[in-house]
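*Asks:* Below is a structure I'd like to ask you about.
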Amino acid sequence: MAIPYPPHFSLSSPETPIEPLPLTQDDLKKIAAYKAVDDFVESGMVVGLGTGSTAKHAVDRIGELIQKGILSNIVCIPTSTRTQEQALSLQIPLSDLDSHPVVDLTIDGADEVDPHLNLVKGRGGSLLREKLIESASRKFVVVVDESKLVKYIGGSGLAMPVEVVPFCWKFNARRLEEVFGYAGCRAQLRRKGGGGDGDAYVTDNGNYIVDLYLERAIGDLKAASEAMMRMSGVVENGMFLDMATAVIVAGSGGITVKDKV
Ligand SMILES: O=C(CO)[C@H](O)[C@H](O)COP(=O)(O)O
């Protein structure tokens with residue numbers, strides 16, 4: 001059941017009784033991200049920092065709590081150069097998996113969340129570092145607005161990202177289409193600016209991303225992920241299966257926390 005928002009999220013007050021504005025999608029992202037930080041992050045932790053417009057709010061909140069002296073002795077591991085830059089601007093102490101191979105907690109957004117808390121990630125392009133750091137995390141808390149909930153993985157009809165080496169990327173895109181042909185798969189190279197003829201988008205790791213668009217459910221997710229990872233030249237895929245320990249969903253009716261069972 002959704003927990004209604006506390007009064008401080010109301011935009012009206014008894015003194016100025018104005019009609020409250022509806023919460024925007026970004027308000028919902030911020031509410032979910034702040035709740036994750038406030039409920040899960042503690043002093044002394046090693047914390048993985050996610051990437052994207054929702055995770056950005058969590059990084060802001062961690063920076064704010066460090067500045068206020070509420071969080072201390074924290075070290076954070078960013079999942080992208082973008083998040084690294086944001087964290088540095090907030091004077092958040094940073095490290096990496098080489099120095100801190102065990103991460104207490106990572107907070108990150110997602111593109112899709114299915115009823116079993118399986119995820120699609122990587123529309124922001126950071127799937128490889130995200131999966132590395134989130135796999136090394138004792139807890140992985142996902143923060144989303146309700147638009148990210150899907151009945152099945154791929155169900156949004158939007159991209160399922162696959163990171164591939166640039167060498168012969170067309171060959172791998174065709175192979176991915178063949179392997180998932182039964183699900184009506186179309187593979188498309190991601191390009192800078194999102195257009196159809198620009199330069200290829202290049203990840204932090206110097207690779208390309210092939211986005212898969214599926215017309216139907218892909219079936220056995222573990223088998224599908226393993227099939228991709230068996231292809232030479234596929235570096236990582238955007239299915240994050242059985243990894244999330246909790247998902248915080250902010251919606252118009254309030255906040256829901258879904259725990260892994
Ligand atoms: O996986 C990601 C980046 O690689 C993001 O977490 C995902 O794309 C969600 O982003 P946003 O919070 O901006 O909707």
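As shown in the structure tokens, the chain order sets the letters A, B, ...; within each chain, residues go from 1, and ligands are also counted from 1 in the order they appear.
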Residues within 9 Å of stretch 22-31 of chain A, please, as an NGL selection string. Count only C-alpha atoms; anything in the same chain fewer than 2 positions from it doesn't count.

*Replies:* :A and (5 or 9 or 11 or 20 or 33-36 or 53-58 or 109 or 143-147 or 249-252 or 255)

*Asks:* Give me, as JSON, numbers by chain, all polymer residues having an atom no more than 9 Å from A:Val234, counting only C-alpha atoms and skipping those fewer than 5 positions away in the same chain.

*Replies:* {"A": [162, 163, 164, 165, 172, 228, 229]}

*Asks:* Selected residues, N, CA and C atoms, written as a short mmCIF file (atom, residue, chain, number, x, y, z; two decimals), in the first residue's frame, please.

*Replies:*
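For reference, part20.cif as written:
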```cif
data_model
loop_
_atom_site.label_atom_id
_atom_site.label_comp_id
_atom_site.auth_asym_id
_atom_site.auth_seq_id
_atom_site.Cartn_x
_atom_site.Cartn_y
_atom_site.Cartn_z
N VAL A 162 22.29 -2.77 -24.90
CA VAL A 162 23.36 -3.79 -24.87
C VAL A 162 24.65 -3.06 -25.24
N GLU A 163 25.66 -3.16 -24.37
CA GLU A 163 26.95 -2.51 -24.66
C GLU A 163 27.81 -3.48 -25.46
N VAL A 164 28.31 -3.01 -26.60
CA VAL A 164 29.11 -3.88 -27.50
C VAL A 164 30.42 -3.17 -27.83
N VAL A 165 31.43 -3.95 -28.19
CA VAL A 165 32.67 -3.33 -28.66
C VAL A 165 32.38 -2.71 -30.03
N ASN A 172 27.20 -7.81 -34.65
CA ASN A 172 26.57 -8.17 -33.38
C ASN A 172 25.12 -7.70 -33.31
N MET A 228 23.07 -13.49 -24.58
CA MET A 228 23.79 -12.27 -25.00
C MET A 228 25.24 -12.32 -24.55
N MET A 229 25.44 -12.75 -23.29
CA MET A 229 26.79 -12.71 -22.74
C MET A 229 27.71 -13.76 -23.36
#
```

*Asks:* Do you have the atom CA of A:Ile209-atom CA of A:Gln84 distance handy?

*Replies:*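 Atom-to-atom, atom CA of A:Ile209 to atom CA of A:Gln84, that is 20.8 Å.
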
*Asks:* Could you list the protein, DNA and RNA residues that have any atom within 6 Å of ligand 1, counting only C-alpha atoms and all ligand atoms, and write them as a ChimeraX atom specification?

*Replies:* /A:51-55,108-111,121-127

*Asks:* Excluding A:Ile92 and its own-chain neighbours fewer than 3 positions away, which residues fall within 6 Å of it when counting only C-alpha atoms? Please give them as a ChimeraX atom specification.

*Replies:* /A:63,87-88

*Asks:* So, counting only C-alpha atoms, which residue among A:Ala136, A:Leu117, A:Leu128, A:Leu158 is closest to A:Val261?

*Replies:*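 Of the candidates, the smallest distance to A:Val261 is held by A:Leu117.
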
*Asks:* Between A:Leu94, A:Ile74, A:Ala173, A:Val142, which has the minimum distance to A:Gln188 (counting only C-alpha atoms)?

*Replies:*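 Selected residue with least distance to A:Gln188: A:Ala173.
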
*Asks:* From stretch 31-205 of chain A, collect each residue whose DSSP state is helix (DSSP H, G or I) and return the set as a ChimeraX atom specification.

*Replies:* /A:31-40,55-67,81-89,127-135,146-148,169-179,181-183,192-194

*Asks:* When distances are computed from only C-alpha atoms, which of A:Cys185, A:Ala246, A:Val120, A:Val37 shows the smallest separation from A:Phe140?

*Replies:*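 Between A:Cys185, A:Ala246, A:Val120, A:Val37, the residue approaching A:Phe140 most closely is A:Ala246.
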
*Asks:* Can you build me a table of stretch 148-237 of chain A residues sitting at most 12 Å from stretch 131-135 of chain A, with the closest atom pair per residue and its distance in Å to one decimal, using only C-alpha atoms, sorted by chain and residue number, as a tab-separated table?

*Replies:*
```
residue	atom	partner	partner_atom	distance
A:Glu163	CA	A:Lys131	CA	11.7
A:Val235	CA	A:Lys131	CA	11.2
A:Glu236	CA	A:Lys131	CA	8.4
A:Asn237	CA	A:Lys131	CA	9.0
```

*Asks:* Any idea what's packed within 8 Å of A:Ala183, counting only C-alpha atoms, ignoring anything in its chain fewer than 4 positions away? Could you give it as a ChimeraX atom specification?

*Replies:* /A:214-218

*Asks:* How would the residues just picked look written out with N, CA and C atoms as a PDB file, in the first residue's frame?

*Replies:*
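Done, and the output landed in again-v4.pdb:
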```pdb
ATOM      1  N   LEU A 214      11.688  -4.576 -28.431  1.00  0.00           N
ATOM      2  CA  LEU A 214      11.006  -5.878 -28.476  1.00  0.00           C
ATOM      3  C   LEU A 214       9.505  -5.684 -28.627  1.00  0.00           C
ATOM      4  N   GLU A 215       8.920  -6.487 -29.522  1.00  0.00           N
ATOM      5  CA  GLU A 215       7.460  -6.405 -29.703  1.00  0.00           C
ATOM      6  C   GLU A 215       6.725  -7.285 -28.713  1.00  0.00           C
ATOM      7  N   ARG A 216       7.416  -8.336 -28.238  1.00  0.00           N
ATOM      8  CA  ARG A 216       6.775  -9.278 -27.324  1.00  0.00           C
ATOM      9  C   ARG A 216       7.736  -9.612 -26.190  1.00  0.00           C
ATOM     10  N   ALA A 217       7.213 -10.290 -25.159  1.00  0.00           N
ATOM     11  CA  ALA A 217       8.048 -10.684 -24.014  1.00  0.00           C
ATOM     12  C   ALA A 217       9.169 -11.605 -24.492  1.00  0.00           C
ATOM     13  N   ILE A 218      10.321 -11.467 -23.843  1.00  0.00           N
ATOM     14  CA  ILE A 218      11.524 -12.181 -24.263  1.00  0.00           C
ATOM     15  C   ILE A 218      11.567 -13.606 -23.673  1.00  0.00           C
TER      16      ILE A 218
END
```

*Asks:* Among stretch 139-169 of chain A, which ones does DSSP place in strand (DSSP E or B), written as a list in words?

*Replies:*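 Assigned to strand (DSSP E or B), within stretch 139-169 of chain A: Lys139, Phe140, Val141, Val142, Val143, Val144, Asp145, Leu149, Met160, Pro161, Val162, Glu163 and Val164 of chain A.
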
*Asks:* Which one of A:Val113, A:Ala187, A:Val179, A:Val210 sits closest to A:Gly155 if you count only C-alpha atoms?

*Replies:*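 Closest to A:Gly155, using only C-alpha atoms: A:Val113.
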
*Asks:* Which residues are close to A:Val102, i.e. within 8 Å by only C-alpha atoms, leaving aside same-chain residues fewer than 4 positions away? Reply as a PyMOL selection string.

*Replies:* chain A and resi 46+97+136-138

*Asks:* Filtering to C-alpha atoms, could you give me those residues as a tab-separated table (two decimals), in the first residue's frame?

*Replies:*
```tsv
chain	number	residue	atom	x	y	z
A	46	VAL	CA	30.83	2.68	1.27
A	97	LEU	CA	36.08	-0.98	-6.52
A	136	ALA	CA	29.43	-5.81	-5.57
A	137	SER	CA	26.84	-4.17	-3.29
A	138	ARG	CA	25.35	-5.74	-0.18
```

*Asks:* Report, in Å to a single decimal, how far apart atom CA of A:Arg186 and atom CA of A:Ala200 are.

*Replies:*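 Distance between the two atoms: 17.3 Å.
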
*Asks:* Point out the residue among A:Pro161, A:Gly154, A:Gly44, A:Gly254 with the least atom-to-atom distance to A:Leu189, counting only C-alpha atoms.

*Replies:*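 Smallest separation from A:Leu189 among the options: A:Pro161.
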